[in-house]
Amino acid sequence: MTSLSLTPGRLIRLSILGFGALVFLAPYIFMVSTAGKAQSDIFTSSLSLVPQQWFYVQNFAKALSRVSMGTLLMNGVIVCALILVIQVVIAIPCAYAMAKLKFRAARAMMVLVMLGLLVPIHATALPLYVAFDRVGALNSYVALVAPFTISVFGIFLFLQFFRAMPDDLIHAARLDGMSEPGIIARVIVPNAWPAITAFSIFSVVAHWNDLYWPLIVVANQAYATPPLGLLYFRAAEAGDDYGALMAATLIITFPLVAAFLFAQKRFVEGITMTGLKG
């Protein structure tokens, strides 16, 4: 019982954590509030979070009718799923090879991975755009997915996780006659789910919210991702119907919030284990 008592130190920690949570949640709370307000209710001096008139139904109806919200969400799911699956399929064998196999180029590959972490997508956007334009791949899922199929961050994250896995486990699998691909599929992957879940959250959030690259390679609304669709929605609304715009933003951000809440335990476990075992 004493461990649950509210000591001064515990109160201070809880106060700091509560204040930090409020700061991070404030934009989302404001978004939820604005999504239920009429246009005349938004620009008032009172700044009340509770709408005077509840316009949730009207604003969400506009959000669902002015742009093809279903298409935007489906495009986001397809693009993020393709990127994530290919990234994991490539990153896990690469990280396993550098962590558990002995070969001369291992150190050089590690250096390349670290250097790759320093190169932003903005530095390679122009040559990638020219390449996709010449092969006629603009306005397609290929242009949205291909530049992100190799994740150096994913390789680095899995590398740190695999280094902590017992070598005896892998030696035992080799004694049983398993090949290296078999070890990856039947030994490494089942033990790496915390790291895979943590990386999945990072990958999906990054590419679901990405506006920079889709804005460059997509001009056809049929391939628009959720953030790009918000730009089309704002253009259709002349940029001033903020209640409907916030309702559309809520629809687009809800899948991320739901996914994080669903995978929160695995996510925290993966980050903790990767940091401690690295």
# chains A, B, ... in the order shown; residues from 1 in each chain; ligands from 1

$ select_by_dssp --residues "stretch 31-270 of chain A" --states "helix (DSSP H, G or I)" --output "MDAnalysis selection string"
chainID A and resid 31:34 39:42 56:66 69:100 106:116 121:134 141:148 152:163 167:175 180:191 193:208 212:217 221:223 226:236 242:262 264:270

$ residues_around --residues "A:Tyr28" --least-positions-apart "5" --cutoff "12 Å" --atoms "only C-alpha atoms" --output "list in words"
Ala21, Leu22, Val23, Ser33, Thr34, Ala35, Leu49, Met246, Ala247, Thr249, Leu250, Thr253, Phe254 and Val257 of chain A

$ residues_around --residues "stretch 184-189 of chain A" --least-positions-apart "2" --cutoff "9 Å" --atoms "only C-alpha atoms" --output "list in words"
Ile92, Pro93, Tyr96, Phe162, Met165, Leu169, Ile170, Ala173, Ser179, Glu180, Pro181, Gly182, Asn191, Ala192, Trp193 and Ile196 of chain A

$ write_last_selection --atoms "N, CA and C atoms" --output "compact mmCIF listing (two decimals), in the first residue's frame"
# COMPACT_ATOMS: atom_id res chain seq x y z
N ILE A 92 14.66 -7.34 -42.28
CA ILE A 92 14.97 -8.42 -41.34
C ILE A 92 16.15 -9.28 -41.82
N PRO A 93 16.17 -9.77 -43.07
CA PRO A 93 17.36 -10.52 -43.50
C PRO A 93 18.65 -9.70 -43.47
N TYR A 96 19.69 -9.36 -39.84
CA TYR A 96 20.15 -10.66 -39.34
C TYR A 96 21.55 -10.97 -39.85
N PHE A 162 18.45 -7.84 -32.92
CA PHE A 162 19.00 -9.16 -33.20
C PHE A 162 20.33 -9.38 -32.50
N MET A 165 19.86 -11.19 -29.28
CA MET A 165 19.32 -12.55 -29.27
C MET A 165 20.45 -13.55 -29.04
N LEU A 169 20.72 -20.02 -29.59
CA LEU A 169 19.44 -20.34 -30.23
C LEU A 169 19.62 -20.58 -31.72
N ILE A 170 20.45 -19.77 -32.34
CA ILE A 170 20.70 -19.90 -33.77
C ILE A 170 21.58 -21.12 -34.05
N ALA A 173 19.48 -24.19 -34.00
CA ALA A 173 18.69 -24.32 -35.22
C ALA A 173 19.54 -24.85 -36.36
N SER A 179 18.26 -24.14 -42.72
CA SER A 179 19.01 -23.21 -43.55
C SER A 179 18.87 -21.81 -42.97
N GLU A 180 19.66 -20.88 -43.49
CA GLU A 180 19.58 -19.50 -43.00
C GLU A 180 18.19 -18.89 -43.24
N PRO A 181 17.59 -19.05 -44.44
CA PRO A 181 16.21 -18.55 -44.59
C PRO A 181 15.24 -19.21 -43.62
N GLY A 182 15.44 -20.50 -43.34
CA GLY A 182 14.58 -21.18 -42.38
C GLY A 182 14.74 -20.63 -40.97
N ASN A 191 10.53 -14.44 -32.68
CA ASN A 191 11.07 -13.78 -31.49
C ASN A 191 11.22 -12.28 -31.66
N ALA A 192 10.95 -11.78 -32.86
CA ALA A 192 11.17 -10.35 -33.14
C ALA A 192 9.88 -9.57 -33.25
N TRP A 193 8.73 -10.15 -32.84
CA TRP A 193 7.46 -9.45 -33.00
C TRP A 193 7.40 -8.12 -32.26
N ILE A 196 9.15 -5.78 -34.55
CA ILE A 196 8.36 -5.60 -35.78
C ILE A 196 7.17 -4.68 -35.53

$ closest_atom_pairs --of "stretch 155-237 of chain A" --to "stretch 110-115 of chain A" --cutoff "10 Å" --atoms "only C-alpha atoms" --output "JSON lines"
{"residue": "A:Ile155", "atom": "CA", "partner": "A:Val113", "partner_atom": "CA", "distance": 7.5}
{"residue": "A:Phe156", "atom": "CA", "partner": "A:Val113", "partner_atom": "CA", "distance": 7.0}
{"residue": "A:Leu159", "atom": "CA", "partner": "A:Met110", "partner_atom": "CA", "distance": 9.4}

$ residues_around --residues "A:Ser68" --least-positions-apart "3" --cutoff "10 Å" --atoms "only C-alpha atoms" --output "compact mmCIF listing (two decimals) with all heavy atoms, in the first residue's frame"
# COMPACT_ATOMS: atom_id res chain seq x y z
N ALA A 63 -17.70 16.28 -44.94
CA ALA A 63 -16.40 15.63 -45.10
C ALA A 63 -16.50 14.37 -45.94
O ALA A 63 -15.59 14.06 -46.73
CB ALA A 63 -15.82 15.30 -43.73
N LEU A 64 -17.59 13.65 -45.82
CA LEU A 64 -17.76 12.39 -46.56
C LEU A 64 -18.27 12.61 -47.97
O LEU A 64 -18.14 11.71 -48.81
CB LEU A 64 -18.72 11.48 -45.80
CG LEU A 64 -18.22 10.97 -44.44
CD1 LEU A 64 -19.33 10.23 -43.70
CD2 LEU A 64 -17.01 10.06 -44.61
N SER A 65 -18.84 13.78 -48.24
CA SER A 65 -19.45 14.00 -49.56
C SER A 65 -18.60 14.85 -50.50
O SER A 65 -18.66 14.67 -51.71
CB SER A 65 -20.82 14.66 -49.39
OG SER A 65 -20.69 15.94 -48.77
N THR A 71 -11.98 6.37 -50.83
CA THR A 71 -10.83 6.18 -51.72
C THR A 71 -9.54 6.65 -51.06
O THR A 71 -8.50 5.98 -51.17
CB THR A 71 -11.04 6.94 -53.04
OG1 THR A 71 -12.22 6.46 -53.67
CG2 THR A 71 -9.86 6.75 -53.98
N LEU A 72 -9.60 7.78 -50.37
CA LEU A 72 -8.42 8.30 -49.68
C LEU A 72 -7.92 7.31 -48.62
O LEU A 72 -6.73 7.02 -48.54
CB LEU A 72 -8.73 9.64 -49.03
CG LEU A 72 -9.10 10.80 -49.96
CD1 LEU A 72 -9.40 12.05 -49.14
CD2 LEU A 72 -7.99 11.08 -50.95
N LEU A 73 -8.85 6.81 -47.82
CA LEU A 73 -8.47 5.87 -46.77
C LEU A 73 -7.95 4.56 -47.36
O LEU A 73 -6.97 3.99 -46.87
CB LEU A 73 -9.65 5.60 -45.86
CG LEU A 73 -10.17 6.80 -45.05
CD1 LEU A 73 -11.41 6.41 -44.25
CD2 LEU A 73 -9.09 7.32 -44.11
N GLN A 221 -6.50 12.38 -58.55
CA GLN A 221 -7.13 12.20 -57.25
C GLN A 221 -7.42 10.73 -56.94
O GLN A 221 -7.61 10.37 -55.78
CB GLN A 221 -8.42 13.01 -57.17
CG GLN A 221 -8.21 14.52 -57.19
CD GLN A 221 -9.48 15.28 -56.84
OE1 GLN A 221 -10.40 14.74 -56.24
NE2 GLN A 221 -9.53 16.54 -57.23
N ALA A 222 -7.45 9.90 -57.95
CA ALA A 222 -7.71 8.47 -57.72
C ALA A 222 -6.59 7.82 -56.92
O ALA A 222 -6.80 6.78 -56.30
CB ALA A 222 -7.88 7.75 -59.05
N ALA A 224 -4.70 9.69 -54.64
CA ALA A 224 -4.38 10.59 -53.54
C ALA A 224 -4.38 9.87 -52.21
O ALA A 224 -5.24 9.04 -51.93
CB ALA A 224 -5.38 11.75 -53.51
N GLY A 229 -5.48 14.26 -49.89
CA GLY A 229 -6.91 14.44 -50.02
C GLY A 229 -7.43 15.61 -49.22
O GLY A 229 -8.40 16.27 -49.62
N PHE A 233 -9.79 18.62 -50.40
CA PHE A 233 -10.99 18.98 -49.67
C PHE A 233 -11.00 20.47 -49.35
O PHE A 233 -12.01 21.15 -49.52
CB PHE A 233 -11.08 18.18 -48.37
CG PHE A 233 -12.27 18.53 -47.52
CD1 PHE A 233 -13.50 17.92 -47.75
CD2 PHE A 233 -12.18 19.46 -46.50
CE1 PHE A 233 -14.59 18.24 -46.98
CE2 PHE A 233 -13.27 19.78 -45.73
CZ PHE A 233 -14.48 19.17 -45.97

$ residues_around --residues "A:Leu128" --least-positions-apart "6" --cutoff "10 Å" --atoms "only C-alpha atoms" --output "PDB file with C-alpha atoms, in the first residue's frame"
ATOM      1  CA  ILE A 121      13.874  12.109 -48.899  1.00  0.00           C
ATOM      2  CA  ARG A 134      10.777   8.845 -67.748  1.00  0.00           C
ATOM      3  CA  ALA A 143       5.711   5.959 -57.460  1.00  0.00           C
ATOM      4  CA  ALA A 146       9.063   2.305 -54.483  1.00  0.00           C
ATOM      5  CA  PRO A 147      11.263   5.040 -52.885  1.00  0.00           C
ATOM      6  CA  VAL A 217       4.262  12.395 -57.826  1.00  0.00           C
TER       7      VAL A 217
END
